[in-house]
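**Student:** Structure in structure tokens, see below.
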There are 2 protein chains.
Amino acid sequence: MNLFVPDLIRRKRDGGVLEDRELRALVRAYTDGDVPDYQMSAMLMAILFKGLAPEELAAWTDAMVHSGSVMDHSRVSKRKVDKHSTGGVGDKISLCLAPAVASLGVAVPMVSGRGLGHTGGTLDKLEAIPGFTVGLPLDRARSMLEDLGLFLIGQTDDVAPADRKLYALRDVTGTVESIPLIASSIMSKKIAEGIDGLVLDVKVGAGAFMRDLEAARELARTLVGIGEAAGKRVRALLTDMNNPIGAMVGNALEVREAIDVMRGGGPADTRLLTVQLGAEMLLLGEAFDDASEAREAMERTLDGGDALALFAKVVEAQGGDPGVCDDPGRLPAASGQEAVSAPSDGFVAGIEPRSIARAAMEVGAGRRVKEDMIDPATGVELHVRIGERVSAGQRLATIHNNGVNQAEARDFAREAFEISPERPEPPGMILDRI
Amino acid sequence: MNLFVPDLIRRKRDGGVLEDRELRALVRAYTDGDVPDYQMSAMLMAILFKGLAPEELAAWTDAMVHSGSVMDHSRVSKRKVDKHSTGGVGDKISLCLAPAVASLGVAVPMVSGRGLGHTGGTLDKLEAIPGFTVGLPLDRARSMLEDLGLFLIGQTDDVAPADRKLYALRDVTGTVESIPLIASSIMSKKIAEGIDGLVLDVKVGAGAFMRDLEAARELARTLVGIGEAAGKRVRALLTDMNNPIGAMVGNALEVREAIDVMRGGGPADTRLLTVQLGAEMLLLGEAFDDASEAREAMERTLDGGDALALFAKVVEAQGGDPGVCDDPGRLPAASGQEAVSAPSDGFVAGIEPRSIARAAMEVGAGRRVKEDMIDPATGVELHVRIGERVSAGQRLATIHNNGVNQAEARDFAREAFEISPERPEPPGMILDRI
């Protein structure tokens with residue numbers, strides 16, 4: 001079609017609605033390099049101000065999906081369900097959730113990302129397992145999905161190239177913070193995975209991209225709307241991100257905690273999130289039709305070792321050392337342990353997640369810039385939970401480090417703790433379900 | 001300074017105010033090619049939505065002024081005052097205004113543009129005079145200002161290059177229609193002329209860029225604010241542009257009408273606008289301090305021939321044939337005359353300026369695209385004015401043409417006339433003064 005981009009920009013700028021074919025042609029032409037960055041960045045800014053109507057967003061996202069290849073898992077007869085988290089500090093849920101759900105008869109074609117912000121992403125955590133590779137050829141991944149019902153890989157270059165190009169442009173043009181643009185970026189990659197259903201963990205609070213419940217609800221509704229327009233079953237949980245998840249922040253440390261959860265242990269909040277999100281996946285995957293039965297099944301597979309046994313097989317299939325499942329001591333460990341102690345008696349009233357993440361980044365658990373190398377052994381281990389009574393001098397956290405920036409990390413971690421004379425309200429975990 | 005552009009874009013997008021040094025650095029870096037178009041277009045769209053505060057606009061415009069060379073007329077002791085019109089159909093006022101004002105002791109360093117939209121600009125009109133050149137070397141222009149108090153030239157490439165680059169970007173990114181961006185574009189070029197004062201003719205109505213009085217008032221206030229922040233004396237008149245100005249639309253035809261005005265004749269509205277705008281220039285230029293005396297002086301110089309005598313000298317100094325002043329028959333004339341007749345008896349209730357402009361463009365008086373050649377002889381001559389009683393078949397207009405598209409032009413011109421059984425209210429001419 002004959003596309004006159006300035007007209008489209010003006011129409012969106014003035015609050016108008018663009019047609020399905022116009023949006024598809026625009027995304028295609030931009031991906032092909034036929035629409036220059038300077039027109040697309042003006043359009044993105046207009047979208048940031050004026051939004052996209054549901055039908056516009058469906059067309060825009062679908063054009064992003066079809067800008068690259070869409071995975072075909074039709075040979076796998078099971079329902080295919082994935083989970084996506086908008087990102088939190090200490091969020092290792094995917095590592096224990098995916099094997100647990102797959103062990104209960106729903107296929108999980110999990111494609112994850114690298115770390116954004118201070119801490120590592122799921123791929124970085126998996127790579128803390130010696131030998132583990134996330135860059136599997138697609139046919140290998142597909143046969144893992146057939147045989148084991150699960151793979152854990154990274155995004156390939158041919159998935160939603162429009163999103164990669166748009167994301168890079170948004171990053172440098174002040175157009176990241178737009179709910180329709182965020183939502184289409186997330187959903188285009190997930191829909192291209194060839195899934196039937198998707199569970200979204202939308203984080204809300206000080207440690208999350210969305211600090212405010214109403215904005216998070218709008219994002220969740222937008223994500224669900226896009227998924228449903230694409231014929232997918234989608235459920236979103238809004239979960240609290242005012243404190244780190246679990247006790248571990250750092251790549252090998254988080255793998256260790258995930259293994260604990262798959263042994264029936266682990267911190268209560270990590271287990272609860274795993275069970276709740278897993279139950280939603282089992283419902284979408286039609287393995288269960290009753291929520292409490294789905295939750296009980298999740299608890300059984302974690303407590304009985306089925307999830308861990310499947311995880312070991314996946315680790316082995318992806319070149320990793322499955323021995324870490326029985327002996328987490330085989331994971332990389334840091335040589336230094338720096339203590340963070342309580343300054344006074346009181347109750348732990350808050351653990352600021354961004355400060356903990358920053359502490360972990362200082363010792364090498366995250367990236368300052370994209371090119372930084374991660375030290376998988378490093379990170380922060382929390383010894384106390386919100387509401388716990390502590391005495392002055394008691395150890396609150398340990399900075400696992402290899403001699404780099406441990407003092408800076410300790411200062412950031414120390415700042416994170418709010419010690420109060422009064423016992424705080426216990427934080428809510430699941431804030432809403434959409 | 002260390003400029004992180006995405007931060008500036010986000011700040012403006014969120015309604016914040018950018019600092020003086022940030023805006024200057026941004027405009028400079030963009031002009032130098034150190035800030036890419038895709039960042040500037042996002043910034044322009046953010047400005048379109050959020051505006052620029054007066055102090056931001058002053059810094060932004062000043063940076064545009066100093067992106068190139070600023071003319072220095074300090075050797076000319078007279079006050080230097082120019083006029084700028086936002087553009088209307090049949091607007092030949094500059095041609096008779098500038099010599100009239102200069103003949104009364106105020107220097108007019110007039111730098112004009114080519115036609116935008118359907119009809120020619122002041123430069124195109126001047127070039128209808130055989131031999132006339134608008135591309136004078138700056139030192140020649142400067143000595144004309146000393147000797148005659150006037151030059152009539154085109155913009156050189158070294159004036160406000162930031163504006164040229166920004167304007168080209170705005171044109172293709174849907175960011176033209178922003179009052180601060182329009183105002184800074186106009187004022188940066190005018191301030192770079194080295195003027196002391198500026199009179200603005202802000203056109204309002206069907207044939208103008210601003211169709212609505214309130215928007216035009218806002219533009220006028222913004223223009224005046226920028227000028228005053230730059231230490232210039234600025235006055236804006238808001239004038240009606242619901243009908244063409246005067247009787248002639250087309251380049252040589254408009255020169256002819258301007259000469260008529262400088263002979264004490266011409267249509268009443270062309271003369272009135274010339275007198276009013278000229279009086280404002282004389283007041284700003286401190287040649288008069290009483291408005292009615294300034295108007296009377298304008299009338300005297302038009303009626304007494306002083307303005308025309310000076311115009312003849314300027315034409316000669318710029319290589320043109322000064323004989324046109326005594327004998328307008330030396331101007332190019334078209335071979336064909338196509339009549340437009342009244343379809344019925346009644347009163348002329350409206351003459352739609354865009355249709356007249358389109359008719360003139362069809363026969364070669366304006367440009368469809370930048371590269372089009374203009375035929376200086378062609379255009380539309382109106383034989384009736386608003387409120388005049390006409391009979392069916394009476395000639396309303398003549399299409400002066402050289403055999404190109406005369407039928408299309410006649411149809412457009414015919415559409416322009418509204419003939420009504422009732423006598424219309426006479427249109428106002430000067431709507432406001434700011």
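Chain labels A, B, ... are given in the sequence in which chains occur in the structure tokens; within each chain residues are numbered consecutively from 1, and ligands are likewise numbered from 1 in the order shown.
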Could you list, as an NGL selection string, every residue of chain B that has an atom within 10 Å of an atom of chain A, counting only C-alpha atoms?
**Tutor:** :B and (4-14 or 36-46 or 48-49 or 169-177)
**Student:** Name all residues at most 9 Å from segment 264-277 of chain A (count only C-alpha atoms; drop same-chain ones fewer than 5 positions away) and give them as an mmCIF file with all heavy atoms, in the first residue's frame.
**Tutor:**
data_model
loop_
_atom_site.group_PDB
_atom_site.id
_atom_site.type_symbol
_atom_site.label_atom_id
_atom_site.label_comp_id
_atom_site.auth_asym_id
_atom_site.auth_seq_id
_atom_site.Cartn_x
_atom_site.Cartn_y
_atom_site.Cartn_z
ATOM 1 N N LYS A 83 4.919 -18.493 31.036
ATOM 2 C CA LYS A 83 4.710 -17.463 32.044
ATOM 3 C C LYS A 83 5.675 -16.321 31.751
ATOM 4 O O LYS A 83 6.786 -16.540 31.276
ATOM 5 C CB LYS A 83 4.989 -18.059 33.427
ATOM 6 C CG LYS A 83 5.103 -17.040 34.547
ATOM 7 C CD LYS A 83 6.491 -17.105 35.159
ATOM 8 C CE LYS A 83 6.862 -15.910 35.975
ATOM 9 N NZ LYS A 83 8.265 -15.943 36.397
ATOM 10 N N ASP A 91 13.639 -12.506 41.550
ATOM 11 C CA ASP A 91 12.576 -13.269 40.887
ATOM 12 C C ASP A 91 13.170 -14.461 40.141
ATOM 13 O O ASP A 91 13.504 -14.372 38.969
ATOM 14 C CB ASP A 91 11.808 -12.352 39.929
ATOM 15 C CG ASP A 91 10.559 -13.041 39.392
ATOM 16 O OD1 ASP A 91 10.374 -14.249 39.666
ATOM 17 O OD2 ASP A 91 9.763 -12.374 38.713
ATOM 18 N N LYS A 92 13.256 -15.598 40.858
ATOM 19 C CA LYS A 92 13.769 -16.835 40.274
ATOM 20 C C LYS A 92 12.645 -17.834 40.018
ATOM 21 O O LYS A 92 12.889 -19.035 39.815
ATOM 22 C CB LYS A 92 14.835 -17.469 41.190
ATOM 23 C CG LYS A 92 14.352 -18.085 42.493
ATOM 24 C CD LYS A 92 14.000 -17.081 43.591
ATOM 25 C CE LYS A 92 15.212 -16.376 44.173
ATOM 26 N NZ LYS A 92 14.771 -15.324 45.195
ATOM 27 N N ILE A 93 11.402 -17.313 40.043
ATOM 28 C CA ILE A 93 10.234 -18.202 40.004
ATOM 29 C C ILE A 93 10.242 -19.122 38.779
ATOM 30 O O ILE A 93 9.940 -20.311 38.883
ATOM 31 C CB ILE A 93 8.923 -17.374 40.044
ATOM 32 C CG1 ILE A 93 8.885 -16.489 41.300
ATOM 33 C CG2 ILE A 93 7.707 -18.289 39.994
ATOM 34 C CD1 ILE A 93 8.904 -17.220 42.609
ATOM 35 N N SER A 94 10.620 -18.597 37.605
ATOM 36 C CA SER A 94 10.607 -19.424 36.390
ATOM 37 C C SER A 94 11.359 -20.732 36.575
ATOM 38 O O SER A 94 10.964 -21.762 36.044
ATOM 39 C CB SER A 94 11.237 -18.656 35.225
ATOM 40 O OG SER A 94 10.383 -17.618 34.820
ATOM 41 N N CYS A 96 11.811 -22.780 39.110
ATOM 42 C CA CYS A 96 11.125 -23.884 39.761
ATOM 43 C C CYS A 96 9.718 -24.081 39.206
ATOM 44 O O CYS A 96 9.171 -25.194 39.224
ATOM 45 C CB CYS A 96 11.086 -23.706 41.289
ATOM 46 S SG CYS A 96 10.964 -22.006 41.871
ATOM 47 N N LEU A 97 9.158 -22.994 38.671
ATOM 48 C CA LEU A 97 7.786 -23.063 38.154
ATOM 49 C C LEU A 97 7.692 -23.916 36.889
ATOM 50 O O LEU A 97 6.803 -24.786 36.773
ATOM 51 C CB LEU A 97 7.329 -21.628 37.838
ATOM 52 C CG LEU A 97 5.997 -21.456 37.127
ATOM 53 C CD1 LEU A 97 4.852 -21.804 38.057
ATOM 54 C CD2 LEU A 97 5.853 -20.012 36.625
ATOM 55 N N ALA A 100 7.917 -27.664 37.403
ATOM 56 C CA ALA A 100 6.767 -28.146 38.176
ATOM 57 C C ALA A 100 5.548 -28.281 37.278
ATOM 58 O O ALA A 100 4.856 -29.312 37.273
ATOM 59 C CB ALA A 100 6.486 -27.199 39.345
ATOM 60 N N VAL A 199 0.543 -17.019 31.418
ATOM 61 C CA VAL A 199 0.274 -16.432 32.733
ATOM 62 C C VAL A 199 1.262 -15.288 32.940
ATOM 63 O O VAL A 199 2.466 -15.453 32.733
ATOM 64 C CB VAL A 199 0.392 -17.479 33.847
ATOM 65 C CG1 VAL A 199 0.292 -16.815 35.217
ATOM 66 C CG2 VAL A 199 -0.706 -18.523 33.678
ATOM 67 N N LEU A 200 0.722 -14.133 33.313
ATOM 68 C CA LEU A 200 1.556 -12.947 33.494
ATOM 69 C C LEU A 200 1.676 -12.628 34.969
ATOM 70 O O LEU A 200 0.670 -12.621 35.697
ATOM 71 C CB LEU A 200 0.912 -11.767 32.768
ATOM 72 C CG LEU A 200 0.899 -11.923 31.255
ATOM 73 C CD1 LEU A 200 -0.219 -11.098 30.641
ATOM 74 C CD2 LEU A 200 2.243 -11.487 30.679
ATOM 75 N N ASP A 201 2.907 -12.394 35.396
ATOM 76 C CA ASP A 201 3.146 -11.947 36.764
ATOM 77 C C ASP A 201 3.518 -10.469 36.675
ATOM 78 O O ASP A 201 4.647 -10.125 36.328
ATOM 79 C CB ASP A 201 4.280 -12.777 37.372
ATOM 80 C CG ASP A 201 4.548 -12.394 38.819
ATOM 81 O OD1 ASP A 201 3.806 -11.550 39.376
ATOM 82 O OD2 ASP A 201 5.513 -12.944 39.392
ATOM 83 N N LEU A 237 -1.620 -12.130 37.180
ATOM 84 C CA LEU A 237 -1.643 -11.877 38.620
ATOM 85 C C LEU A 237 -0.844 -10.610 38.878
ATOM 86 O O LEU A 237 0.225 -10.413 38.306
ATOM 87 C CB LEU A 237 -1.019 -13.043 39.391
ATOM 88 C CG LEU A 237 -1.717 -14.404 39.301
ATOM 89 C CD1 LEU A 237 -1.032 -15.403 40.243
ATOM 90 C CD2 LEU A 237 -3.204 -14.302 39.632
ATOM 91 N N THR A 239 1.333 -8.933 41.587
ATOM 92 C CA THR A 239 1.981 -9.391 42.823
ATOM 93 C C THR A 239 2.900 -8.312 43.385
ATOM 94 O O THR A 239 3.478 -7.503 42.652
ATOM 95 C CB THR A 239 2.767 -10.704 42.581
ATOM 96 O OG1 THR A 239 3.871 -10.435 41.730
ATOM 97 C CG2 THR A 239 1.886 -11.780 41.948
ATOM 98 N N ILE A 245 12.021 -10.930 46.412
ATOM 99 C CA ILE A 245 11.350 -12.231 46.469
ATOM 100 C C ILE A 245 12.319 -13.244 47.058
ATOM 101 O O ILE A 245 13.440 -13.390 46.555
ATOM 102 C CB ILE A 245 10.920 -12.678 45.067
ATOM 103 C CG1 ILE A 245 9.945 -11.654 44.470
ATOM 104 C CG2 ILE A 245 10.307 -14.065 45.099
ATOM 105 C CD1 ILE A 245 9.734 -11.824 42.978
ATOM 106 N N GLY A 246 11.878 -13.932 48.112
ATOM 107 C CA GLY A 246 12.713 -14.969 48.715
ATOM 108 C C GLY A 246 13.921 -14.400 49.437
ATOM 109 O O GLY A 246 13.945 -13.218 49.814
ATOM 110 N N ALA A 247 14.967 -15.219 49.567
ATOM 111 C CA ALA A 247 16.138 -14.840 50.356
ATOM 112 C C ALA A 247 17.344 -14.531 49.493
ATOM 113 O O ALA A 247 18.292 -13.908 49.966
ATOM 114 C CB ALA A 247 16.476 -15.966 51.333
ATOM 115 N N GLU A 257 18.169 -21.403 45.542
ATOM 116 C CA GLU A 257 16.867 -21.233 46.192
ATOM 117 C C GLU A 257 15.771 -21.956 45.410
ATOM 118 O O GLU A 257 14.881 -22.585 45.994
ATOM 119 C CB GLU A 257 16.510 -19.746 46.323
ATOM 120 C CG GLU A 257 15.172 -19.513 47.020
ATOM 121 C CD GLU A 257 14.902 -18.021 47.283
ATOM 122 O OE1 GLU A 257 15.819 -17.340 47.789
ATOM 123 O OE2 GLU A 257 13.793 -17.558 46.987
ATOM 124 N N ALA A 258 15.857 -21.899 44.064
ATOM 125 C CA ALA A 258 14.850 -22.588 43.242
ATOM 126 C C ALA A 258 14.922 -24.098 43.485
ATOM 127 O O ALA A 258 13.888 -24.783 43.546
ATOM 128 C CB ALA A 258 15.064 -22.260 41.767
ATOM 129 N N ILE A 259 16.134 -24.622 43.599
ATOM 130 C CA ILE A 259 16.296 -26.063 43.882
ATOM 131 C C ILE A 259 15.699 -26.376 45.259
ATOM 132 O O ILE A 259 14.989 -27.381 45.436
ATOM 133 C CB ILE A 259 17.785 -26.479 43.772
ATOM 134 C CG1 ILE A 259 18.216 -26.399 42.291
ATOM 135 C CG2 ILE A 259 18.017 -27.867 44.351
ATOM 136 C CD1 ILE A 259 19.713 -26.569 42.058
ATOM 137 N N LEU A 282 -1.650 -24.365 34.994
ATOM 138 C CA LEU A 282 -2.301 -25.674 34.860
ATOM 139 C C LEU A 282 -3.767 -25.503 34.440
ATOM 140 O O LEU A 282 -4.290 -26.304 33.659
ATOM 141 C CB LEU A 282 -2.217 -26.441 36.185
ATOM 142 C CG LEU A 282 -0.797 -26.867 36.590
ATOM 143 C CD1 LEU A 282 -0.797 -27.444 38.011
ATOM 144 C CD2 LEU A 282 -0.221 -27.893 35.607
ATOM 145 N N ALA A 294 -5.436 -27.692 41.409
ATOM 146 C CA ALA A 294 -4.217 -27.318 40.691
ATOM 147 C C ALA A 294 -3.127 -26.899 41.686
ATOM 148 O O ALA A 294 -1.965 -27.278 41.555
ATOM 149 C CB ALA A 294 -4.510 -26.197 39.700
ATOM 150 N N ARG A 295 -3.528 -26.122 42.699
ATOM 151 C CA ARG A 295 -2.541 -25.701 43.707
ATOM 152 C C ARG A 295 -1.991 -26.906 44.470
ATOM 153 O O ARG A 295 -0.788 -26.996 44.729
ATOM 154 C CB ARG A 295 -3.171 -24.705 44.683
ATOM 155 C CG ARG A 295 -3.257 -23.290 44.141
ATOM 156 C CD ARG A 295 -3.578 -22.288 45.244
ATOM 157 N NE ARG A 295 -4.873 -22.525 45.851
ATOM 158 C CZ ARG A 295 -6.029 -21.998 45.404
ATOM 159 N NH1 ARG A 295 -6.020 -21.198 44.347
ATOM 160 N NH2 ARG A 295 -7.164 -22.265 46.013
ATOM 161 N N GLU A 296 -2.892 -27.843 44.844
ATOM 162 C CA GLU A 296 -2.428 -29.041 45.560
ATOM 163 C C GLU A 296 -1.464 -29.854 44.705
ATOM 164 O O GLU A 296 -0.459 -30.381 45.197
ATOM 165 C CB GLU A 296 -3.626 -29.898 45.984
ATOM 166 C CG GLU A 296 -4.335 -29.329 47.205
ATOM 167 C CD GLU A 296 -5.757 -29.885 47.359
ATOM 168 O OE1 GLU A 296 -6.035 -30.994 46.838
ATOM 169 O OE2 GLU A 296 -6.592 -29.182 47.974
ATOM 170 N N ALA A 297 -1.747 -29.955 43.407
ATOM 171 C CA ALA A 297 -0.859 -30.688 42.504
ATOM 172 C C ALA A 297 0.514 -30.021 42.459
ATOM 173 O O ALA A 297 1.552 -30.697 42.477
ATOM 174 C CB ALA A 297 -1.472 -30.747 41.106
ATOM 175 N N MET A 298 0.514 -28.701 42.424
ATOM 176 C CA MET A 298 1.792 -27.970 42.438
ATOM 177 C C MET A 298 2.569 -28.283 43.708
ATOM 178 O O MET A 298 3.784 -28.525 43.664
ATOM 179 C CB MET A 298 1.542 -26.455 42.342
ATOM 180 C CG MET A 298 1.219 -25.925 40.952
ATOM 181 S SD MET A 298 2.572 -26.138 39.757
ATOM 182 C CE MET A 298 3.825 -25.039 40.429
ATOM 183 N N GLU A 299 1.875 -28.258 44.838
ATOM 184 C CA GLU A 299 2.573 -28.538 46.100
ATOM 185 C C GLU A 299 3.141 -29.961 46.108
ATOM 186 O O GLU A 299 4.276 -30.194 46.543
ATOM 187 C CB GLU A 299 1.609 -28.326 47.282
ATOM 188 C CG GLU A 299 1.392 -26.824 47.536
ATOM 189 C CD GLU A 299 0.245 -26.500 48.489
ATOM 190 O OE1 GLU A 299 -0.485 -27.433 48.908
ATOM 191 O OE2 GLU A 299 0.080 -25.301 48.785
ATOM 192 N N ARG A 300 2.358 -30.906 45.572
ATOM 193 C CA ARG A 300 2.811 -32.304 45.535
ATOM 194 C C ARG A 300 4.058 -32.469 44.672
ATOM 195 O O ARG A 300 4.995 -33.175 45.057
ATOM 196 C CB ARG A 300 1.695 -33.202 44.982
ATOM 197 C CG ARG A 300 0.776 -33.792 46.042
ATOM 198 C CD ARG A 300 0.030 -35.012 45.501
ATOM 199 N NE ARG A 300 -0.544 -34.799 44.175
ATOM 200 C CZ ARG A 300 -1.719 -34.188 43.949
ATOM 201 N NH1 ARG A 300 -2.454 -33.724 44.963
ATOM 202 N NH2 ARG A 300 -2.153 -34.036 42.721
ATOM 203 N N THR A 301 4.064 -31.836 43.497
ATOM 204 C CA THR A 301 5.223 -32.045 42.607
ATOM 205 C C THR A 301 6.485 -31.393 43.175
ATOM 206 O O THR A 301 7.604 -31.879 42.956
ATOM 207 C CB THR A 301 4.940 -31.580 41.162
ATOM 208 O OG1 THR A 301 5.999 -32.032 40.315
ATOM 209 C CG2 THR A 301 4.853 -30.064 41.048
ATOM 210 N N LEU A 302 6.305 -30.308 43.932
ATOM 211 C CA LEU A 302 7.472 -29.692 44.591
ATOM 212 C C LEU A 302 7.930 -30.571 45.759
ATOM 213 O O LEU A 302 9.118 -30.870 45.903
ATOM 214 C CB LEU A 302 7.120 -28.290 45.104
ATOM 215 C CG LEU A 302 6.774 -27.231 44.036
ATOM 216 C CD1 LEU A 302 6.342 -25.917 44.698
ATOM 217 C CD2 LEU A 302 7.950 -26.970 43.094
ATOM 218 N N ASP A 303 6.973 -31.021 46.583
ATOM 219 C CA ASP A 303 7.333 -31.781 47.788
ATOM 220 C C ASP A 303 7.814 -33.195 47.438
ATOM 221 O O ASP A 303 8.681 -33.747 48.117
ATOM 222 C CB ASP A 303 6.123 -31.873 48.740
ATOM 223 C CG ASP A 303 5.699 -30.491 49.240
ATOM 224 O OD1 ASP A 303 6.544 -29.561 49.201
ATOM 225 O OD2 ASP A 303 4.539 -30.329 49.646
ATOM 226 N N GLY A 304 7.235 -33.772 46.339
ATOM 227 C CA GLY A 304 7.545 -35.166 46.017
ATOM 228 C C GLY A 304 8.779 -35.338 45.142
ATOM 229 O O GLY A 304 9.216 -36.467 44.908
ATOM 230 N N GLY A 305 9.332 -34.240 44.633
ATOM 231 C CA GLY A 305 10.561 -34.355 43.845
ATOM 232 C C GLY A 305 10.360 -34.535 42.355
ATOM 233 O O GLY A 305 11.346 -34.618 41.604
ATOM 234 N N MET A 429 0.674 -10.598 49.086
ATOM 235 C CA MET A 429 1.526 -11.222 48.055
ATOM 236 C C MET A 429 0.830 -11.118 46.694
ATOM 237 O O MET A 429 1.391 -10.566 45.752
ATOM 238 C CB MET A 429 1.727 -12.684 48.453
ATOM 239 C CG MET A 429 2.830 -13.385 47.699
ATOM 240 S SD MET A 429 4.461 -12.810 48.219
ATOM 241 C CE MET A 429 5.262 -12.712 46.627
ATOM 242 N N ILE A 430 -0.380 -11.657 46.622
ATOM 243 C CA ILE A 430 -1.139 -11.581 45.357
ATOM 244 C C ILE A 430 -2.128 -10.434 45.539
ATOM 245 O O ILE A 430 -3.021 -10.490 46.391
ATOM 246 C CB ILE A 430 -1.910 -12.893 45.095
ATOM 247 C CG1 ILE A 430 -1.015 -14.119 45.240
ATOM 248 C CG2 ILE A 430 -2.600 -12.832 43.728
ATOM 249 C CD1 ILE A 430 -0.013 -14.336 44.152
#
**Student:** Residues at most 12 Å from Pro180 of chain B, counting only C-alpha atoms, excluding those fewer than 2 positions away in the same chain, as a ChimeraX atom specification?
**Tutor:** /B:44-61,175-178,182-188,215,218-226
**Student:** So that I can see what lies close to segment 65-70 of chain A, please list as a list in words the residues with an atom at most 6 Å from it, counting only C-alpha atoms and leaving out residues fewer than 5 positions away in the same chain.
**Tutor:**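 In the requested format, the answer is Asp158, Val159, Ala160, Pro161, Ala162, Ser188 and Ala192 of chain A.
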**Student:** Among the residues of segment 232-403 of chain A, find those DSSP assigns to helix (DSSP H, G or I) from the backbone and print them as a PyMOL selection string.
**Tutor:** chain A and resi 251-262+268-284+291-304+306-317+322-325+328-330+353-362
**Student:** What's around Thr378 of chain A at 6 Å? Count only C-alpha atoms, leave out sequence neighbours fewer than 4 positions away in its own chain, and write the answer as JSON, numbers by chain.
**Tutor:** {"A": [250, 334, 365, 400, 401]}
**Student:** Quick one: residues within 9 Å of segment 421-425 of chain B, only C-alpha atoms, excluding same-chain residues fewer than 5 positions away - as a ChimeraX atom specification?
**Tutor:** /B:345-350,386-389
**Student:** Just the strand (DSSP E or B) stuff from segment 320-380 of chain B, please, per backbone DSSP, written as JSON, numbers by chain.
**Tutor:** {"B": [336, 337, 338, 339, 340, 341, 346, 347, 348, 349, 350, 351, 379, 380]}
**Student:** Generate the output file for the selected residues, N, CA and C atoms, as a PDB file, in the first residue's frame.
**Tutor:**
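Written out: result-v5.pdb:
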ATOM      1  N   GLY B 336      -3.531  34.685 -22.545  1.00  0.00           N
ATOM      2  CA  GLY B 336      -4.934  34.295 -22.488  1.00  0.00           C
ATOM      3  C   GLY B 336      -5.670  34.925 -21.322  1.00  0.00           C
ATOM      4  N   GLN B 337      -6.940  35.259 -21.557  1.00  0.00           N
ATOM      5  CA  GLN B 337      -7.788  35.792 -20.487  1.00  0.00           C
ATOM      6  C   GLN B 337      -9.092  34.993 -20.456  1.00  0.00           C
ATOM      7  N   GLU B 338      -9.276  34.234 -19.406  1.00  0.00           N
ATOM      8  CA  GLU B 338     -10.454  33.371 -19.283  1.00  0.00           C
ATOM      9  C   GLU B 338     -11.397  34.067 -18.299  1.00  0.00           C
ATOM     10  N   ALA B 339     -12.652  34.251 -18.709  1.00  0.00           N
ATOM     11  CA  ALA B 339     -13.589  34.976 -17.851  1.00  0.00           C
ATOM     12  C   ALA B 339     -14.306  34.034 -16.893  1.00  0.00           C
ATOM     13  N   VAL B 340     -14.571  34.532 -15.691  1.00  0.00           N
ATOM     14  CA  VAL B 340     -15.421  33.825 -14.727  1.00  0.00           C
ATOM     15  C   VAL B 340     -16.626  34.732 -14.501  1.00  0.00           C
ATOM     16  N   SER B 341     -17.843  34.193 -14.764  1.00  0.00           N
ATOM     17  CA  SER B 341     -19.036  35.042 -14.729  1.00  0.00           C
ATOM     18  C   SER B 341     -19.958  34.665 -13.582  1.00  0.00           C
ATOM     19  N   GLY B 346     -27.259  38.950  -7.453  1.00  0.00           N
ATOM     20  CA  GLY B 346     -27.118  38.894  -5.987  1.00  0.00           C
ATOM     21  C   GLY B 346     -25.943  39.726  -5.519  1.00  0.00           C
ATOM     22  N   PHE B 347     -25.559  39.492  -4.266  1.00  0.00           N
ATOM     23  CA  PHE B 347     -24.411  40.181  -3.681  1.00  0.00           C
ATOM     24  C   PHE B 347     -23.252  39.207  -3.551  1.00  0.00           C
ATOM     25  N   VAL B 348     -22.027  39.718  -3.726  1.00  0.00           N
ATOM     26  CA  VAL B 348     -20.839  38.880  -3.473  1.00  0.00           C
ATOM     27  C   VAL B 348     -20.699  38.751  -1.960  1.00  0.00           C
ATOM     28  N   ALA B 349     -20.980  37.524  -1.446  1.00  0.00           N
ATOM     29  CA  ALA B 349     -20.973  37.331   0.005  1.00  0.00           C
ATOM     30  C   ALA B 349     -19.654  36.745   0.497  1.00  0.00           C
ATOM     31  N   GLY B 350     -18.906  36.123  -0.409  1.00  0.00           N
ATOM     32  CA  GLY B 350     -17.631  35.546   0.005  1.00  0.00           C
ATOM     33  C   GLY B 350     -16.805  35.189  -1.213  1.00  0.00           C
ATOM     34  N   ILE B 351     -15.482  35.311  -1.087  1.00  0.00           N
ATOM     35  CA  ILE B 351     -14.560  34.857  -2.138  1.00  0.00           C
ATOM     36  C   ILE B 351     -13.545  33.964  -1.432  1.00  0.00           C
ATOM     37  N   GLY B 379      -2.218  34.316 -13.294  1.00  0.00           N
ATOM     38  CA  GLY B 379      -2.882  34.524 -12.007  1.00  0.00           C
ATOM     39  C   GLY B 379      -4.350  34.863 -12.188  1.00  0.00           C
ATOM     40  N   VAL B 380      -4.931  35.318 -11.107  1.00  0.00           N
ATOM     41  CA  VAL B 380      -6.357  35.620 -11.089  1.00  0.00           C
ATOM     42  C   VAL B 380      -6.542  37.097 -10.754  1.00  0.00           C
TER      43      VAL B 380
END
**Student:** Residues within 6 Å of segment 134-142 of chain B, please, as a short mmCIF file (atom, residue, chain, number, x, y, z; two decimals) with C-alpha atoms, in the first residue's frame. Count only C-alpha atoms; anything in the same chain fewer than 2 positions from it doesn't count.
**Tutor:**
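The result, stored in around.cif:
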data_model
loop_
_atom_site.label_atom_id
_atom_site.label_comp_id
_atom_site.auth_asym_id
_atom_site.auth_seq_id
_atom_site.Cartn_x
_atom_site.Cartn_y
_atom_site.Cartn_z
CA MET B 144 21.86 49.48 -0.17
CA LEU B 145 20.60 49.71 3.40
CA PHE B 151 16.97 45.98 0.44
CA ILE B 153 16.55 39.88 -0.64
CA GLY B 154 16.14 36.16 -0.03
#
